[in-house]
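S.K.: See work31.cif below, with mmCIF, C-alpha atoms and all ligand atoms.
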```
data_structure
#
loop_
_atom_site.label_atom_id
_atom_site.label_comp_id
_atom_site.auth_asym_id
_atom_site.auth_seq_id
_atom_site.Cartn_x
_atom_site.Cartn_y
_atom_site.Cartn_z
CA MET A 846 61.36 41.41 59.27
CA GLU A 847 64.41 42.88 61.03
CA TYR A 848 65.09 42.58 64.76
CA VAL A 849 65.56 45.52 67.07
CA GLU A 850 67.62 44.53 70.10
CA ILE A 851 66.17 45.32 73.50
CA PHE A 852 68.72 46.69 75.97
CA ASP A 853 67.11 46.65 79.38
CA THR A 854 68.42 49.15 81.91
CA THR A 855 65.84 48.65 84.68
CA LEU A 856 68.62 47.63 87.08
CA ARG A 857 70.87 50.60 86.20
CA ASP A 858 69.07 53.72 84.88
CA GLY A 859 65.80 52.44 86.39
CA GLU A 860 67.32 51.87 89.77
CA GLN A 861 68.59 55.48 89.85
CA VAL A 862 65.07 56.53 90.91
CA PRO A 863 65.15 57.99 94.43
CA GLY A 864 63.87 55.43 96.95
CA CYS A 865 63.93 52.54 94.48
CA LYS A 866 67.22 50.97 95.47
CA LEU A 867 67.08 47.19 95.34
CA ASP A 868 69.02 44.65 97.38
CA SER A 869 71.21 42.14 95.55
CA LYS A 870 68.79 39.26 96.04
CA THR A 871 65.88 41.17 94.46
CA LYS A 872 68.12 42.29 91.59
CA LEU A 873 68.92 38.64 90.88
CA ILE A 874 65.22 37.72 90.84
CA ILE A 875 64.48 40.55 88.38
CA ALA A 876 67.54 39.75 86.24
CA LYS A 877 66.41 36.13 85.91
CA GLN A 878 62.94 37.23 84.75
CA LEU A 879 64.42 39.75 82.29
CA ASP A 880 66.55 36.98 80.83
CA LEU A 881 63.48 34.76 80.47
CA LEU A 882 61.56 37.70 78.97
CA GLY A 883 64.10 37.66 76.15
CA VAL A 884 65.98 40.95 76.51
CA ASP A 885 69.10 40.98 74.33
CA VAL A 886 71.22 43.05 76.69
CA LEU A 887 70.82 43.46 80.42
CA GLU A 888 72.56 46.47 81.94
CA ALA A 889 73.18 45.17 85.44
CA GLY A 890 74.65 48.27 87.09
CA PHE A 891 77.49 50.75 87.40
CA PRO A 892 80.19 48.60 89.03
CA ILE A 893 82.53 51.36 90.24
CA SER A 894 79.69 53.23 91.96
CA SER A 895 79.70 51.04 95.10
CA PRO A 896 80.94 47.63 96.34
CA GLY A 897 77.27 46.55 96.53
CA ASP A 898 76.69 47.42 92.87
CA PHE A 899 79.90 45.62 91.89
CA LYS A 900 78.71 42.46 93.68
CA SER A 901 75.26 42.64 92.07
CA VAL A 902 76.71 43.01 88.58
CA GLU A 903 79.09 40.11 89.25
CA SER A 904 76.30 37.85 90.54
CA ILE A 905 74.04 38.76 87.61
CA ALA A 906 76.90 38.01 85.19
CA LYS A 907 77.20 34.53 86.73
CA LEU A 908 73.44 33.91 86.68
CA VAL A 909 72.25 35.13 83.28
CA LYS A 910 72.06 32.47 80.57
CA ASN A 911 71.07 34.22 77.35
CA ALA A 912 71.33 38.00 77.48
CA ARG A 913 74.56 39.93 77.21
CA VAL A 914 75.41 41.38 80.60
CA CYS A 915 76.57 44.96 80.53
CA GLY A 916 78.29 47.23 83.06
CA LEU A 917 78.30 51.04 82.82
CA THR A 918 81.43 53.17 83.13
CA ARG A 919 82.54 56.75 82.62
CA ALA A 920 85.37 57.31 80.14
CA VAL A 921 87.78 56.64 82.98
CA GLN A 922 90.36 53.82 83.03
CA LYS A 923 89.63 52.74 86.61
CA ASP A 924 85.86 52.55 85.91
CA ILE A 925 86.55 50.33 82.91
CA ASP A 926 88.93 48.06 84.87
CA VAL A 927 86.32 47.57 87.58
CA ALA A 928 83.49 46.96 85.10
CA ALA A 929 85.61 44.40 83.24
CA GLU A 930 86.24 42.58 86.52
CA ALA A 931 82.52 42.63 87.43
CA ILE A 932 81.34 41.16 84.11
CA LYS A 933 84.17 38.67 83.63
CA TYR A 934 81.96 35.64 84.44
CA ALA A 935 79.29 36.60 81.90
CA LYS A 936 78.77 34.19 79.00
CA ARG A 937 78.66 37.31 76.84
CA GLY A 938 79.77 40.56 78.45
CA ARG A 939 79.63 44.16 77.27
CA ILE A 940 81.29 47.32 78.61
CA HIS A 941 79.22 50.48 78.21
CA THR A 942 81.49 53.49 78.33
CA GLY A 943 81.11 57.09 77.26
CA ILE A 944 81.32 60.81 77.83
CA GLY A 945 79.22 63.97 77.41
CA THR A 946 79.41 65.49 73.93
CA SER A 947 77.06 68.49 74.06
CA GLU A 948 78.42 71.99 74.42
CA SER A 949 77.23 72.30 78.01
CA HIS A 950 78.83 68.98 78.98
CA ILE A 951 82.11 69.82 77.26
CA ARG A 952 82.35 73.36 78.57
CA TYR A 953 80.76 73.19 82.04
CA LYS A 954 81.02 69.57 83.15
CA PHE A 955 84.49 68.84 81.79
CA ASN A 956 85.93 72.33 81.25
CA ALA A 957 87.48 70.81 78.13
CA THR A 958 87.69 71.30 74.37
CA PRO A 959 85.86 69.16 71.79
CA ASP A 960 89.19 67.64 70.72
CA GLN A 961 89.99 66.59 74.29
CA ILE A 962 86.57 64.93 74.59
CA LEU A 963 87.15 63.10 71.32
CA GLU A 964 90.52 61.90 72.58
CA ARG A 965 89.04 60.66 75.88
CA ALA A 966 86.23 58.87 74.05
CA VAL A 967 88.65 57.01 71.80
CA ALA A 968 90.97 56.13 74.69
CA ALA A 969 88.06 54.75 76.73
CA VAL A 970 86.83 52.56 73.88
CA LYS A 971 90.36 51.26 73.21
CA HIS A 972 90.84 50.47 76.88
CA ALA A 973 87.48 48.67 77.12
CA LYS A 974 88.36 46.78 73.95
CA SER A 975 91.44 45.36 75.69
CA TYR A 976 89.00 43.45 77.94
CA VAL A 977 85.98 42.60 75.76
CA GLU A 978 85.04 42.43 72.12
CA ASP A 979 81.65 44.06 72.67
CA VAL A 980 82.00 47.73 73.61
CA GLU A 981 79.13 50.17 73.58
CA PHE A 982 79.91 53.89 73.50
CA TYR A 983 77.44 56.52 74.78
CA ALA A 984 77.61 60.17 73.75
CA GLU A 985 75.88 61.64 76.77
CA ASP A 986 73.42 64.44 75.91
CA ALA A 987 73.63 63.47 72.23
CA GLY A 988 70.10 64.86 71.95
CA ARG A 989 71.52 68.39 72.34
CA THR A 990 74.84 67.70 70.61
CA ASP A 991 75.63 69.29 67.26
CA ASN A 992 75.17 66.54 64.64
CA GLU A 993 78.46 67.25 62.89
CA PHE A 994 80.50 66.85 66.07
CA LEU A 995 78.44 63.82 67.11
CA ALA A 996 79.20 62.15 63.77
CA LYS A 997 82.91 62.92 64.22
CA VAL A 998 82.92 61.28 67.68
CA CYS A 999 80.93 58.29 66.43
CA GLU A 1000 83.30 57.76 63.52
CA ALA A 1001 86.35 57.90 65.79
CA VAL A 1002 84.98 55.44 68.35
CA VAL A 1003 83.82 52.99 65.66
CA LYS A 1004 87.37 53.13 64.30
CA ALA A 1005 88.59 52.39 67.85
CA GLY A 1006 86.35 49.30 67.95
CA ALA A 1007 82.96 50.36 69.37
CA THR A 1008 80.32 47.82 68.38
CA VAL A 1009 77.31 49.86 69.51
CA LEU A 1010 76.76 53.64 69.40
CA ASN A 1011 74.35 54.86 72.04
CA ILE A 1012 72.75 58.23 71.18
CA PRO A 1013 71.12 59.31 74.46
CA ASP A 1014 68.56 62.06 74.63
CA THR A 1015 69.70 62.43 78.23
CA THR A 1016 67.45 65.36 79.07
CA GLY A 1017 64.40 64.16 77.12
CA TYR A 1018 64.51 67.31 74.97
CA CYS A 1019 64.21 66.09 71.39
CA LEU A 1020 61.11 65.98 69.24
CA PRO A 1021 60.55 62.65 67.44
CA GLU A 1022 61.33 64.19 64.01
CA GLU A 1023 64.53 65.68 65.41
CA TYR A 1024 65.69 62.46 67.08
CA GLY A 1025 64.84 60.44 63.96
CA ALA A 1026 66.72 62.95 61.79
CA LYS A 1027 69.75 62.63 64.09
CA MET A 1028 69.83 58.86 63.53
CA LYS A 1029 69.42 59.36 59.79
CA TYR A 1030 72.26 61.88 59.77
CA LEU A 1031 74.55 59.43 61.57
CA MET A 1032 73.57 56.58 59.23
CA GLU A 1033 74.48 58.78 56.27
CA ASN A 1034 77.52 60.63 57.58
CA VAL A 1035 79.54 58.28 59.80
CA SER A 1036 81.96 56.32 57.73
CA GLY A 1037 82.16 52.72 58.99
CA ILE A 1038 78.65 52.94 60.53
CA HIS A 1039 77.84 49.47 59.10
CA LYS A 1040 80.34 48.03 61.67
CA ALA A 1041 78.24 49.28 64.60
CA ARG A 1042 74.65 49.25 65.78
CA LEU A 1043 72.95 52.57 66.58
CA SER A 1044 71.06 52.60 69.84
CA CYS A 1045 68.22 54.81 71.13
CA HIS A 1046 68.37 55.87 74.78
CA CYS A 1047 65.55 58.32 75.46
CA HIS A 1048 64.35 60.02 78.62
CA ASN A 1049 60.77 61.02 79.18
CA ASP A 1050 60.93 64.62 80.45
CA LEU A 1051 58.44 65.75 77.79
CA GLY A 1052 56.60 62.43 77.58
CA LEU A 1053 58.31 61.66 74.25
CA ALA A 1054 60.70 58.84 75.15
CA THR A 1055 58.69 56.11 73.43
CA ALA A 1056 57.89 58.24 70.35
CA ASN A 1057 61.55 59.23 70.04
CA SER A 1058 62.77 55.63 70.30
CA ILE A 1059 60.35 54.56 67.58
CA ALA A 1060 61.48 57.47 65.39
CA GLY A 1061 65.06 56.29 66.03
CA VAL A 1062 64.43 52.75 64.78
CA GLN A 1063 62.43 54.05 61.81
CA ASN A 1064 65.62 55.88 60.82
CA GLY A 1065 68.15 53.10 61.16
CA ALA A 1066 68.80 52.44 64.87
CA ARG A 1067 68.59 48.75 65.78
CA GLN A 1068 68.71 48.81 69.57
CA ILE A 1069 66.37 50.46 72.09
CA GLU A 1070 67.43 51.09 75.70
CA CYS A 1071 64.45 50.94 78.00
CA THR A 1072 63.11 49.95 81.40
CA ILE A 1073 60.14 48.00 82.70
CA ASN A 1074 57.26 50.42 83.45
CA GLY A 1075 59.45 53.21 82.02
CA ILE A 1076 61.07 53.84 85.39
CA GLY A 1077 64.23 55.93 85.54
CA GLU A 1078 65.77 59.29 86.40
CA ARG A 1079 63.24 62.15 86.71
CA ALA A 1080 60.30 61.36 84.38
CA GLY A 1081 61.86 58.02 83.48
CA ASN A 1082 63.20 56.15 80.47
CA THR A 1083 61.54 54.63 77.43
CA SER A 1084 59.10 51.98 78.57
CA LEU A 1085 60.07 48.49 77.39
CA GLU A 1086 56.51 47.19 77.15
CA GLU A 1087 55.45 50.17 75.01
CA VAL A 1088 58.16 49.91 72.35
CA VAL A 1089 57.81 46.12 72.16
CA MET A 1090 54.05 46.29 71.62
CA ILE A 1091 54.23 49.22 69.19
CA LEU A 1092 56.56 47.22 66.94
CA ARG A 1093 54.37 44.12 67.31
CA GLN A 1094 51.11 45.93 66.59
CA HIS A 1095 52.55 47.61 63.50
CA PRO A 1096 53.87 44.84 61.23
CA THR A 1097 54.21 47.33 58.36
CA LEU A 1098 57.25 48.75 60.15
CA ASN A 1099 58.92 45.39 59.44
CA LEU A 1100 60.63 45.50 62.83
CA ASP A 1101 60.21 43.18 65.79
CA THR A 1102 61.91 42.19 69.04
CA ARG A 1103 62.59 38.81 70.64
CA ILE A 1104 60.53 39.70 73.74
CA LYS A 1105 58.01 37.12 75.02
CA SER A 1106 55.20 39.61 75.39
CA THR A 1107 53.00 37.31 77.48
CA MET A 1108 55.44 37.91 80.36
CA LEU A 1109 55.04 41.70 80.29
CA ASN A 1110 52.25 42.06 82.82
CA GLY A 1111 53.90 39.74 85.34
CA ILE A 1112 57.30 41.39 85.14
CA SER A 1113 55.71 44.84 85.39
CA LYS A 1114 54.11 43.79 88.69
CA LEU A 1115 57.37 42.26 89.93
CA VAL A 1116 59.34 45.46 89.28
CA SER A 1117 56.60 47.71 90.65
CA GLU A 1118 56.29 45.69 93.87
CA SER A 1119 60.05 45.23 94.34
CA MET A 1120 60.67 48.97 93.98
CA ALA A 1121 57.48 50.04 95.80
CA MET A 1122 56.81 52.12 92.71
CA PRO A 1123 53.11 51.88 91.73
CA VAL A 1124 52.20 51.82 88.05
CA GLN A 1125 49.73 54.58 87.11
CA PRO A 1126 46.35 52.92 86.35
CA ASN A 1127 46.16 54.45 82.86
CA LYS A 1128 49.71 53.39 81.91
CA ALA A 1129 49.79 51.89 78.40
CA ILE A 1130 50.01 48.07 78.22
CA VAL A 1131 50.52 47.34 81.94
CA GLY A 1132 48.29 49.82 83.82
CA ALA A 1133 45.36 48.39 85.79
CA ASN A 1134 42.92 50.13 83.42
CA ALA A 1135 44.73 49.27 80.18
CA PHE A 1136 42.06 46.69 79.33
CA ALA A 1137 39.17 47.94 81.50
CA HIS A 1138 36.03 49.39 79.96
CA SER A 1139 33.58 51.41 82.00
CA SER A 1140 31.45 53.61 79.77
CA GLY A 1141 28.24 52.06 78.42
CA ILE A 1142 29.01 52.78 74.75
CA HIS A 1143 32.47 51.17 74.93
CA GLN A 1144 31.23 48.20 76.98
CA ASP A 1145 28.49 47.45 74.46
CA GLY A 1146 31.09 47.53 71.65
CA VAL A 1147 33.61 45.32 73.47
CA ILE A 1148 30.97 42.75 74.46
CA LYS A 1149 29.86 42.50 70.80
CA LYS A 1150 33.42 42.37 69.46
CA ARG A 1151 36.50 42.98 71.61
CA GLU A 1152 38.48 44.60 68.77
CA THR A 1153 35.96 47.47 68.55
CA TYR A 1154 37.74 49.21 71.41
CA GLU A 1155 40.93 47.17 71.92
CA ILE A 1156 43.94 47.08 69.61
CA ILE A 1157 45.84 44.54 71.72
CA ASP A 1158 44.58 41.14 72.81
CA PRO A 1159 45.13 41.30 76.60
CA LYS A 1160 46.34 37.68 76.55
CA ASP A 1161 49.29 38.79 74.37
CA VAL A 1162 50.67 40.80 77.28
CA GLY A 1163 49.75 38.33 80.03
CA VAL A 1164 46.40 39.80 81.11
CA THR A 1165 43.73 37.07 81.36
CA GLU A 1166 40.91 39.11 79.84
CA SER A 1167 39.47 42.56 79.31
CA SER A 1168 37.34 43.76 82.18
CA ILE A 1169 33.89 45.24 82.06
CA VAL A 1170 33.72 47.58 85.05
CA LEU A 1171 30.27 48.38 86.41
CA THR A 1172 29.75 52.04 87.31
CA ALA A 1173 26.88 54.50 87.01
CA ARG A 1174 28.12 55.13 83.44
CA SER A 1175 27.55 51.48 82.44
CA GLY A 1176 24.68 50.38 80.26
CA ARG A 1177 22.33 47.39 80.16
CA ALA A 1178 24.68 45.33 77.96
CA ALA A 1179 27.44 45.46 80.60
CA LEU A 1180 25.03 44.70 83.43
CA ALA A 1181 23.57 41.70 81.55
CA TYR A 1182 27.10 40.46 80.75
CA ARG A 1183 28.32 40.67 84.34
CA ALA A 1184 25.07 39.16 85.73
CA LYS A 1185 25.43 36.23 83.30
CA ASN A 1186 29.04 35.71 84.46
CA ILE A 1187 27.75 35.04 87.98
CA GLY A 1188 24.90 32.77 86.80
CA HIS A 1189 21.95 35.16 86.21
CA ASP A 1190 20.73 35.05 82.62
CA LEU A 1191 18.30 37.98 82.60
CA ASN A 1192 15.54 38.43 80.00
CA LYS A 1193 14.69 41.90 78.69
CA LEU A 1194 11.98 42.64 81.27
CA GLN A 1195 14.12 41.42 84.15
CA LEU A 1196 17.09 43.41 82.88
CA ASP A 1197 15.05 46.64 82.79
CA LYS A 1198 14.05 46.17 86.42
CA VAL A 1199 17.53 45.18 87.61
CA TYR A 1200 19.04 48.10 85.71
CA GLU A 1201 16.77 50.56 87.51
CA GLN A 1202 17.88 49.18 90.88
CA PHE A 1203 21.50 49.02 89.71
CA LEU A 1204 21.56 52.75 88.87
CA LYS A 1205 20.29 53.65 92.35
CA VAL A 1206 23.15 51.73 93.98
CA ALA A 1207 25.76 52.75 91.38
CA ASP A 1208 25.06 56.45 92.01
CA GLN A 1209 26.09 55.88 95.64
CA LYS A 1210 29.10 53.65 94.95
CA LYS A 1211 32.15 54.11 92.73
CA GLU A 1212 32.10 50.56 91.39
CA ILE A 1213 29.67 47.65 91.57
CA ASN A 1214 31.39 44.34 92.21
CA ASP A 1215 30.35 40.68 92.01
CA GLU A 1216 29.27 40.69 95.67
CA ASP A 1217 26.93 43.67 95.15
CA LEU A 1218 25.23 42.20 92.07
CA PRO A 1219 23.18 39.37 93.71
CA LYS A 1220 21.89 41.88 96.28
CA ILE A 1221 20.82 44.27 93.52
CA ILE A 1222 19.10 41.46 91.62
CA GLU A 1223 17.26 40.34 94.75
CA ALA A 1224 16.13 43.88 95.57
CA SER A 1225 14.68 44.22 92.06
CA ASN A 1226 11.89 41.72 92.84
CA ILE A 1227 12.08 39.89 89.51
O1 LIG B 1 70.82 59.18 79.90
C1 LIG B 1 72.03 58.95 79.67
O2 LIG B 1 72.71 59.71 78.97
C2 LIG B 1 72.60 57.75 80.26
C3 LIG B 1 73.99 57.37 79.83
C4 LIG B 1 74.84 57.15 81.03
C5 LIG B 1 73.93 56.17 78.94
O3 LIG B 1 71.95 57.06 81.01
ZN ZN B 2 69.80 57.50 80.82
#
```
What does this structure look like when you write it as structure tokens?
M.R.:
Amino acid sequence: MEYVEIFDTTLRDGEQVPGCKLDSKTKLIIAKQLDLLGVDVLEAGFPISSPGDFKSVESIAKLVKNARVCGLTRAVQKDIDVAAEAIKYAKRGRIHTGIGTSESHIRYKFNATPDQILERAVAAVKHAKSYVEDVEFYAEDAGRTDNEFLAKVCEAVVKAGATVLNIPDTTGYCLPEEYGAKMKYLMENVSGIHKARLSCHCHNDLGLATANSIAGVQNGARQIECTINGIGERAGNTSLEEVVMILRQHPTLNLDTRIKSTMLNGISKLVSESMAMPVQPNKAIVGANAFAHSSGIHQDGVIKKRETYEIIDPKDVGVTESSIVLTARSGRAALAYRAKNIGHDLNKLQLDKVYEQFLKVADQKKEINDEDLPKIIEASNI
């Protein structure tokens, strides 16, 4: 079994969501939980962006016990100086520097030539290296960057000392096969690649961030950059809980993370509440309905054997148990199960009568709860 490192960027890329800005105190609370969760790298912010962000990164660097604490920079000397200052108290610090490498970034954002970009990339890595051993380089918009040029940049920055190569699909454009093939190409064509770790950083504009990250690690990447609940710019980043559970549920991939999965549900709630960013009910792993069953056929199956309709034990992600939701689509098995839970062990005849009454009420109400049930049983005259 090989480990894939989890690089959490909830407090940097995640916090770029409009309206989700966190105060320093809340960032510290989340950082502490992320450290306990077992993330390998915690991207704490973009120190040059504001004095507040600098302070937060500095405080997180002082607080975190296990994870590497990382600060983002552009390929600009001043950014790197400020990031180095912000992370200097970290037990293990990392500078994350980089530059756009796609044609549109080179031509329109930087009005530069590919050679000038290459030069700036190398200079940034060398400068960061003068402060810390661990330097991650990102090739922004790598998803739309020509593979040959991307390999050339990667090779040059590894030579300059980069320890991690981040290959962001910044616009969420790639297909999983394409993103996986990009990683494979880099593994096979960058000389010195064994000295660095390839990292997946995928955005979710087409809903493919998780699939692309998995394709990346299936083709040689050994770090995934992700956020709790998949929050982030536009449609968000790769969701941490999804990639962690995919690797755990598929042992044949021979890849795992160090994440304590039983903390996932709690930390999802913490981030959602802190950012006032509700989690969609049908969100994989941490959505309110992720372990809820409401149709009669599924409920009957789950009551007989949970695994019939669940591939994850809810306890593994910190959810106490699966829920059997009573609606007009529920069957007798679910009604009997829920009635028994509140102390009414119904025999077949009683159940038939209660079910008749139940359907009348359920047709008027979206969901039948534990307070409604005794009233329904009483009105059934059993
Ligand atoms: O999406 C992206 O390209 C980024 C980089 C700054 C790493 O977030
Ligand atoms: Zn990003």
S.K.: May I have the residues within 12 Å of Gly1061 of chain A as a ChimeraX atom specification, using all atoms listed in the file and disregarding those fewer than 2 positions away in the same chain?
M.R.: /A:849,988,1011-1014,1019-1032,1042-1047,1053-1059,1063-1070,1088
S.K.: Counting only C-alpha atoms and all ligand atoms, figure out which residue out of A:Val1147, A:Ile944, A:Cys915, A:Val886 gets nearest to ligand LIG 1 (chain B).
M.R.: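 With only C-alpha atoms and all ligand atoms as the atom set, the closest residue is A:Ile944.
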S.K.: If you measure from atom CA of Lys877 of chain A to atom CA of Phe852 of chain A, what distance in Å do you get, rounded to one decimal?
M.R.: 14.7 Å
S.K.: Counting only C-alpha atoms and all ligand atoms, give me one row per residue of chain A with an atom at most 10 Å from an atom of ligand LIG 1 (chain B), showing the shortest contact pair and its distance in Å to one decimal, sorted by chain then residue number, as a Markdown table.
M.R.:
```
| residue | atom | partner | partner_atom | distance |
| --- | --- | --- | --- | --- |
| A:Thr854 | CA | B:LIG1 | O3 | 8.7 |
| A:Arg857 | CA | B:LIG1 | O3 | 8.4 |
| A:Asp858 | CA | B:LIG1 | O3 | 5.9 |
| A:Gly859 | CA | B:LIG1 | O3 | 9.4 |
| A:Gln861 | CA | B:LIG1 | O3 | 9.6 |
| A:Phe891 | CA | B:LIG1 | C4 | 9.4 |
| A:Leu917 | CA | B:LIG1 | C4 | 7.2 |
| A:Thr918 | CA | B:LIG1 | C4 | 8.0 |
| A:Arg919 | CA | B:LIG1 | C4 | 7.9 |
| A:His941 | CA | B:LIG1 | C5 | 7.8 |
| A:Thr942 | CA | B:LIG1 | C5 | 8.0 |
| A:Gly943 | CA | B:LIG1 | C4 | 7.3 |
| A:Ile944 | CA | B:LIG1 | C4 | 8.1 |
| A:Gly945 | CA | B:LIG1 | O2 | 7.9 |
| A:Glu981 | CA | B:LIG1 | C5 | 9.6 |
| A:Phe982 | CA | B:LIG1 | C5 | 8.4 |
| A:Tyr983 | CA | B:LIG1 | C5 | 5.5 |
| A:Ala984 | CA | B:LIG1 | O2 | 7.2 |
| A:Glu985 | CA | B:LIG1 | O2 | 4.3 |
| A:Asp986 | CA | B:LIG1 | O2 | 5.7 |
| A:Ala987 | CA | B:LIG1 | O2 | 7.8 |
| A:Gly988 | CA | B:LIG1 | O2 | 9.1 |
| A:Asn1011 | CA | B:LIG1 | C5 | 7.0 |
| A:Ile1012 | CA | B:LIG1 | O2 | 7.9 |
| A:Pro1013 | CA | B:LIG1 | O2 | 4.8 |
| A:Asp1014 | CA | B:LIG1 | O1 | 6.4 |
| A:Thr1015 | CA | B:LIG1 | O1 | 3.8 |
| A:Thr1016 | CA | B:LIG1 | O1 | 7.1 |
| A:Gly1017 | CA | B:LIG1 | O1 | 8.6 |
| A:Cys1045 | CA | B:LIG1 | C5 | 9.8 |
| A:His1046 | CA | B:LIG1 | O1 | 6.6 |
| A:Cys1047 | CA | B:LIG1 | O1 | 6.9 |
| A:His1048 | CA | B:LIG1 | O1 | 6.6 |
| A:Glu1070 | CA | B:LIG1 | C5 | 8.9 |
| A:Gly1077 | CA | B:LIG1 | O3 | 9.0 |
| A:Glu1078 | CA | B:LIG1 | O1 | 8.2 |
| A:Gly1081 | CA | B:LIG1 | O1 | 9.7 |
| A:Asn1082 | CA | B:LIG1 | O1 | 8.2 |
```
S.K.: Give me, please, the distance in Å between atom CA of Val980 of chain A and atom CA of Met1120 of chain A, quoted to one decimal.
M.R.: 29.5 Å
S.K.: Nearest to Leu1180 of chain A among A:Val1164, A:Ala929, A:Leu867, A:Leu1218, with distances taken over only C-alpha atoms: which residue is it?
M.R.: A:Leu1218
S.K.: Between atom CA of Ile1169 of chain A and atom CA of Lys1205 of chain A, what is the distance, to one decimal in Å?
M.R.: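 Answer for the atom CA of Ile1169 of chain A to atom CA of Lys1205 of chain A separation: 19.0 Å.
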S.K.: Between A:Ile1130, A:Val902, A:Val1206, A:Val1062, single out the one closest to Met1090 of chain A, counting all atoms listed in the file.
M.R.: A:Ile1130
S.K.: Nearest residue to ligand ZN 2 (chain B) out of A:Leu1098, A:Leu1204, A:Ala1181, A:Leu856, using all atoms listed in the file?
M.R.: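 Nearest candidate to ligand ZN 2 (chain B) out of A:Leu1098, A:Leu1204, A:Ala1181, A:Leu856: A:Leu856.
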S.K.: Got a sec: who's within 12 Å of Asp868 of chain A, counting only C-alpha atoms, leaving out chain neighbours fewer than 4 positions off, as a list in words?
M.R.: Leu856, Glu860, Gly864, Lys872, Leu873, Ile874, Ile875, Gly897, Asp898, Lys900, Ser901, Val902, Ser1119 and Met1120 of chain A
S.K.: Under the rule that all atoms listed in the file are counted, which of A:His950, A:Arg1079, A:Lys936, A:Lys1004 is the nearest residue to ligand ZN 2 (chain B)?
M.R.: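 Closest to ligand ZN 2 (chain B), using all atoms listed in the file: A:Arg1079.
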